[in-house]
Amino acid sequence: MWVVLLLTAIVLVALDTAEKHLNIPRHSTVEGEVCGVVADIEYKNDKAYLYLKNVEFLSEELRDFKEIKSSLFLCRKMGMVCALDSEAAEVFIGSRVCVRGKINVYDRATNPGEFDSRRYYISKGYLFKAYSCELVSSDHKRKIVSDISYRISERVGELLDHSLNKKDAGMMKAVLLADKTDLDKDIKDLYKDAGAGHLLAISGLHITMFAALLLFILKKTPINLKADYIITILFLYGYGFVIGFSASALRAIVMFTIMCIGSIFNKSYDSLTAMAVALLITILFRPLYVLQTGFLMSYLAIVAIAVVLPIFAIIGKKSGLIVSSFTMSTSVYLTTLPMIVNSYYKIPLYAPFLNIILVPGMSVLLMLGILCVCARAFIESAVFINACKLLFAGSLISKNVYVFLLSGKFNIFAIGIHLFLEVYEWLMSTELSWPRAIVTTGARGLFRCLLYELILLASAVIIRKIKLALWRKDKLINNRIRLYPSYNPTKEIRDIRRKRVVFTIVSALVLLLNIAGFLIYWRKDKIEFLDVGQGLCACIQYKGKVYCYDGGSTDKKNIDEYILSPYFAYYGIESVDAWFISHEDADHTSGIKGLLENDGRGSIEIKEIIIPGALEERFSSIISSTEDVGTEVIYSKAGDVFTSNDGISFTVLSPEEDFVSDDSNACSLVVLMKAAETDVLFMGDADVMAEEKVLSFMSEPIDILQVAHHGSANNTNSEYFIRTLNPRISVISCGFDNIYGHPHKETLEILNKVNTKIIRTDQSGTVLFWLF
C-alpha cells in the first residue's frame, strides 16, 4: 500500500509541476479546420459540444497550435472541445469528424482565487477549444459501447425531463447521471455554501448506495450469492460507462469490486488496501485525474473513514445511527478541510450537523429517482399507451382520465422527489441563516496543508492505539474479577479512569490546536493590479485593512463573480474599507456594481466608496445601489487626504470639485497612495489636463505609476508628464489583443525613454508588489 501511495505522490507532483510550468503564452484566436474522434457529446445553451480526441490541425493558420501539441509532452494527447452552433445530428461517439471554427487554448487563471479553466480541462484530457464551429464532415462510425452508454444517458435524461419540472430534473440528472448541464445555478451555489456539494457529484456514496440496493434485491431472488456479486459488479461497470467514470466513481467501483471478490472467496476486506489498488488503477489508466480536486477529496474521505473515524468510536460498543452519522461526517470534514479551504476559500461551519440528515436521505432520493425513471418509461411504453387507448375506445374511462393517464401526472415518485428536494432546500437555507454559517478562511499554502494532515493522521493513529491499550487493560481487569472474586481492582480502575480523562482532554486539545493552527490566517501587506482584461482594478492590503481603486472590465463579463469575489475569498477578505472609483465608465465600475447589487447574497461588504464630486450626477446607479446596502458615499476633490492610523494615506490630486467636462476621462479621480515608503500614483483614464493638475501637487519621482487609460496615447501619457515623474515601475492594465490597440506604440516608446520597468496585465496577469 505504501508503495502505491508513494507512486501516486510522485505522479501527482510530476503532473502538477508539468501543468504549472506549461509554458503556453496567450494566443490570438485563429480560424481554421481540425479533425478528431468524438469522445463525448454534450448539449448546453442550445449548442452541441463535441469532445474530440486524436486531434489533427489541418489548416496552415493553426501551425502554432500544432507545434504546441507536438513539442510539449503533456500536450501530445490533449483533445479539443468544439462548440457547434447547430445540432450534431449526424455525429456519434467514435465518429471521426472535421470541424471549422475559431480555435484557441484554454486560459490559465491569472488572478488569485480565479477558476483555472486550463487545469480543469487538462485534467479531463483537453487543452484546445473551438467556438462558432460548423461541421464539415463525419464518417458516421460508432464506438459501440460508448455510444450505447451515451444513448442510455440521453434517454434517462429525457425521462427525467418528462417527469419533473426543470429545476428538479436538473438536480436528478446531476445525482443519477453526473450531468450538471441543466443544474440550476442557485441550487448549485446553495448546496456548495451549505457544505453539501458532494451530494451533487457521483461519488462513492452514490455508488455504494446503488450497489447495496441491487445486492439487497438480488439476495431476495433464487440466484446464489456468488452470482449476486458478479451481477452487481457488471452493473456497476455498466453504470460507470454511462456516467463517464469520474475519479470518485472509478475509485468506488474498484473498491466495491474488491469487496465483492473478497466475499466470493471468503477473504477479509481492508479498505486501505482496496483504496491503494484503486489508486494504482487510476494512475495507470487515468493519470490526469490526480489534478482534480474531486480525486483528492474522494481518497481523503476513505482515509478519514479508515483512520480518523475510529478515534470517535467506543471500543466494544456500537453507536446509534445519529451518533455514527455525525462522527463519520465530522471525520470526513476534518480530513478534507485543507481541500475545502483551498477549493472554496471558505468553510460551512454547520455542515457536519446538516449532513446527519442529508447523507442518509440520499438513499431514499436515489431510490425515488430510479423508480421515477422506471415509471415514466412504462408510461411512455407502447404497452401502456395501447392499453389506455383500448380502455378509452371501450368507454371504460373518460377522455379526461385518458389524457391524465397519458400525461403521467400520477407518477407519485416524481411528487416524492419534488417534496424531498424542497425539504433539502429548506434545511440548507435554514442552516445558512444561522450566525456565521459560512466562514471565509482564505487559501493555505501546501506546507500548512501537509502539516495539518500529518498531525491529524498521526494523532488519529496514536489515539487509536492508546484507546485500544486502555480497553485491553480494562478487559484484563474484568477477566481477573471473574476468575478471582476476592480480587480488588479499585486502585487500577481509578488509574484507568484518570488516564482516560487525561487522554480525552489531551486528544481534544491536540485536535483543536491543529485545527486552530491551520485556520489562523494573516495577510501580508501588498498591492495587486488584477488582470481584469480591458479594464482596471487595484487592491491594496495593508495592516489588516483593504483598499481598492476601480473595478471594471468591458471584455470580461461578470468580473464581480468570477474575479473579484474569488480574489477576496482567496485572501480571506470579507470587507473593503474604502473603494476609490476614478469615473463611471464600465471598464472601471462593472465589477463594483455587481458586488453592490449582490451584497444581499453573501458578497463582499464595501464600507465606503469615494468618487469625484465633479461626476456626482453620472454615478446615480452606483449611488442608488449603495443606499440599499448601507455603503457610505464620499465625494472627493483635489487636495483631499484620506489617512489611517496604520500609516497609509491617499491624496486626491484631481479633479477640482467644480471642474466641468463632457469627457468623463478628464474628470478621473487621480489618487497618490503612500505606504511603507512606497508611492503609487493611480491615474484612471486621466488626460493631459489632469496631468498638469497632478504636476502642480508633485514633481518628484515616484515608485509605481498606473499608466493612464490602459496605455493610450490619445490626449494622455505625455512625455513631459512621464519624464517629470520618472516612475521606477509602470503598470499597464489592458486586455489581451484588445480592439483599441492598447497600449499604444507611442506610449511604450515614451516609457522606454525614461527606462521605467513596464509590466502589463495582459502579459503577466496579476501584478504584485510587496509593501515592506
# chains A, B, ... in the order shown; residues from 1 in each chain; ligands from 1
>>> residues_around(residues="A:Ile379", least_positions_apart="6", cutoff="8 Å", atoms="only C-alpha atoms", output="JSON, numbers by chain")
{"A": [385, 406, 408]}
>>> write_last_selection(atoms="N, CA and C atoms", output="PDB file, in the first residue's frame")
ATOM      1  N   ILE A 385     -49.584   2.763 -23.479  1.00  0.00           N
ATOM      2  CA  ILE A 385     -50.341   3.651 -24.367  1.00  0.00           C
ATOM      3  C   ILE A 385     -51.483   2.894 -25.054  1.00  0.00           C
ATOM      4  N   LEU A 406     -52.126   9.444 -19.845  1.00  0.00           N
ATOM      5  CA  LEU A 406     -51.026   9.598 -20.805  1.00  0.00           C
ATOM      6  C   LEU A 406     -50.066  10.721 -20.412  1.00  0.00           C
ATOM      7  N   GLY A 408     -48.938  11.270 -17.451  1.00  0.00           N
ATOM      8  CA  GLY A 408     -48.013  10.770 -16.440  1.00  0.00           C
ATOM      9  C   GLY A 408     -48.003  11.574 -15.160  1.00  0.00           C
TER      10      GLY A 408
END
>>> residues_around(residues="A:Val671", least_positions_apart="2", cutoff="12 Å", atoms="only C-alpha atoms", output="PyMOL selection string")
chain A and resi 548-550+579-582+610-612+636-642+649-655+668-669+673-674+679-686+690-691+693-694+697-698+705-706+708
>>> select_by_dssp(residues="stretch 489-692 of chain A", states="alpha helix (DSSP H)", output="JSON, numbers by chain")
{"A": [490, 491, 492, 493, 494, 495, 496, 497, 498, 499, 500, 501, 502, 503, 504, 505, 506, 507, 508, 509, 510, 511, 512, 513, 514, 515, 516, 517, 518, 519, 559, 565, 566, 567, 568, 569, 570, 586, 587, 588, 589, 590, 591, 592, 593, 594, 595, 596, 597, 620, 621, 622, 623, 624, 625, 626, 627, 628, 629, 688, 689, 690, 691, 692]}
>>> closest_residue(among="A:Asp139, A:Glu528, A:Asp179, A:Glu158", to="A:Ser764", atoms="only C-alpha atoms")
A:Glu528
>>> closest_residue(among="A:Gln292, A:Ser324, A:His140, A:Glu453", to="A:Ser117", atoms="only C-alpha atoms")
A:Gln292
>>> residues_around(residues="stretch 344-361 of chain A", least_positions_apart="5", cutoff="7 Å", atoms="only C-alpha atoms", output="list of chain:residue names")
A:Asp193, A:Ala194, A:Gly195, A:Ile322, A:Ser325, A:Phe326, A:Ser329, A:Thr330, A:Tyr333, A:Ala437, A:Ile438, A:Val439, A:Thr440, A:Thr441, A:Gly442, A:Ala443, A:Ala569, A:Tyr570
>>> write_last_selection(atoms="all heavy atoms", output="tab-separated table (two decimals), in the first residue's frame")
chain	number	residue	atom	x	y	z
A	193	ASP	N	-22.53	26.18	-0.69
A	193	ASP	CA	-22.40	27.02	0.50
A	193	ASP	C	-22.78	26.28	1.77
A	193	ASP	O	-22.21	26.52	2.84
A	193	ASP	CB	-23.26	28.28	0.36
A	193	ASP	CG	-22.75	29.22	-0.72
A	193	ASP	OD1	-21.58	29.08	-1.11
A	193	ASP	OD2	-23.54	30.07	-1.19
A	194	ALA	N	-23.74	25.37	1.67
A	194	ALA	CA	-24.20	24.63	2.85
A	194	ALA	C	-23.30	23.45	3.20
A	194	ALA	O	-23.52	22.78	4.21
A	194	ALA	CB	-25.63	24.14	2.63
A	195	GLY	N	-22.29	23.19	2.36
A	195	GLY	CA	-21.39	22.06	2.63
A	195	GLY	C	-21.95	20.74	2.16
A	195	GLY	O	-21.53	19.68	2.64
A	322	ILE	N	-27.66	8.18	14.62
A	322	ILE	CA	-27.38	9.62	14.61
A	322	ILE	C	-25.94	9.89	14.99
A	322	ILE	O	-25.23	10.67	14.34
A	322	ILE	CB	-28.34	10.36	15.57
A	322	ILE	CG1	-29.77	10.26	15.05
A	322	ILE	CG2	-27.93	11.82	15.71
A	322	ILE	CD1	-30.80	10.89	15.97
A	325	SER	N	-23.57	8.71	12.22
A	325	SER	CA	-23.63	9.62	11.07
A	325	SER	C	-22.86	10.90	11.36
A	325	SER	O	-22.11	11.41	10.50
A	325	SER	CB	-25.09	9.97	10.73
A	325	SER	OG	-25.79	8.82	10.34
A	326	PHE	N	-23.01	11.41	12.58
A	326	PHE	CA	-22.31	12.65	12.94
A	326	PHE	C	-20.80	12.45	12.99
A	326	PHE	O	-20.04	13.28	12.49
A	326	PHE	CB	-22.82	13.17	14.30
A	326	PHE	CG	-22.07	14.37	14.79
A	326	PHE	CD1	-22.26	15.60	14.19
A	326	PHE	CD2	-21.17	14.27	15.84
A	326	PHE	CE1	-21.56	16.73	14.63
A	326	PHE	CE2	-20.47	15.37	16.29
A	326	PHE	CZ	-20.68	16.61	15.68
A	329	SER	N	-19.45	12.08	9.45
A	329	SER	CA	-19.46	13.37	8.78
A	329	SER	C	-18.34	14.27	9.30
A	329	SER	O	-17.65	14.95	8.52
A	329	SER	CB	-20.81	14.06	8.97
A	329	SER	OG	-20.83	15.33	8.39
A	330	THR	N	-18.15	14.27	10.63
A	330	THR	CA	-17.09	15.09	11.23
A	330	THR	C	-15.71	14.60	10.81
A	330	THR	O	-14.82	15.42	10.52
A	330	THR	CB	-17.21	15.06	12.76
A	330	THR	OG1	-18.51	15.51	13.14
A	330	THR	CG2	-16.16	15.93	13.41
A	333	TYR	N	-15.12	15.65	7.28
A	333	TYR	CA	-15.00	17.12	7.28
A	333	TYR	C	-13.61	17.55	7.72
A	333	TYR	O	-12.97	18.40	7.09
A	333	TYR	CB	-16.07	17.68	8.21
A	333	TYR	CG	-16.18	19.18	8.24
A	333	TYR	CD1	-16.88	19.87	7.26
A	333	TYR	CD2	-15.61	19.92	9.28
A	333	TYR	CE1	-17.02	21.26	7.31
A	333	TYR	CE2	-15.73	21.30	9.33
A	333	TYR	CZ	-16.44	21.96	8.35
A	333	TYR	OH	-16.56	23.32	8.39
A	437	ALA	N	-22.66	31.08	9.47
A	437	ALA	CA	-22.84	29.78	8.80
A	437	ALA	C	-21.70	29.52	7.82
A	437	ALA	O	-21.30	28.38	7.61
A	437	ALA	CB	-24.18	29.74	8.07
A	438	ILE	N	-21.19	30.58	7.20
A	438	ILE	CA	-20.06	30.46	6.27
A	438	ILE	C	-18.93	31.33	6.80
A	438	ILE	O	-19.11	32.52	7.05
A	438	ILE	CB	-20.45	30.90	4.85
A	438	ILE	CG1	-21.58	30.03	4.31
A	438	ILE	CG2	-19.23	30.83	3.93
A	438	ILE	CD1	-22.07	30.47	2.95
A	439	VAL	N	-17.77	30.74	6.99
A	439	VAL	CA	-16.60	31.45	7.48
A	439	VAL	C	-15.58	31.55	6.35
A	439	VAL	O	-15.11	30.53	5.83
A	439	VAL	CB	-15.97	30.74	8.69
A	439	VAL	CG1	-14.72	31.49	9.16
A	439	VAL	CG2	-16.99	30.62	9.82
A	440	THR	N	-15.26	32.76	5.94
A	440	THR	CA	-14.26	32.97	4.89
A	440	THR	C	-12.87	32.76	5.50
A	440	THR	O	-12.50	33.45	6.45
A	440	THR	CB	-14.38	34.37	4.29
A	440	THR	OG1	-15.70	34.56	3.79
A	440	THR	CG2	-13.38	34.55	3.16
A	441	THR	N	-12.13	31.83	4.96
A	441	THR	CA	-10.85	31.45	5.56
A	441	THR	C	-9.65	31.91	4.76
A	441	THR	O	-8.57	32.11	5.31
A	441	THR	CB	-10.77	29.91	5.66
A	441	THR	OG1	-10.88	29.36	4.35
A	441	THR	CG2	-11.88	29.36	6.54
A	442	GLY	N	-9.81	32.08	3.45
A	442	GLY	CA	-8.65	32.31	2.61
A	442	GLY	C	-7.94	31.01	2.30
A	442	GLY	O	-8.23	29.97	2.90
A	443	ALA	N	-7.05	31.03	1.33
A	443	ALA	CA	-6.32	29.83	0.91
A	443	ALA	C	-5.14	29.57	1.85
A	443	ALA	O	-4.73	30.44	2.61
A	443	ALA	CB	-5.83	29.98	-0.51
A	569	ALA	N	-12.10	36.20	-1.48
A	569	ALA	CA	-12.21	34.95	-0.71
A	569	ALA	C	-10.85	34.29	-0.57
A	569	ALA	O	-10.53	33.72	0.49
A	569	ALA	CB	-13.20	34.00	-1.38
A	570	TYR	N	-10.04	34.34	-1.61
A	570	TYR	CA	-8.70	33.72	-1.60
A	570	TYR	C	-7.84	34.27	-0.47
A	570	TYR	O	-7.06	33.55	0.15
A	570	TYR	CB	-8.03	33.96	-2.95
A	570	TYR	CG	-6.66	33.35	-3.09
A	570	TYR	CD1	-6.52	32.03	-3.50
A	570	TYR	CD2	-5.51	34.08	-2.83
A	570	TYR	CE1	-5.26	31.46	-3.63
A	570	TYR	CE2	-4.25	33.53	-2.95
A	570	TYR	CZ	-4.13	32.21	-3.36
A	570	TYR	OH	-2.88	31.65	-3.49
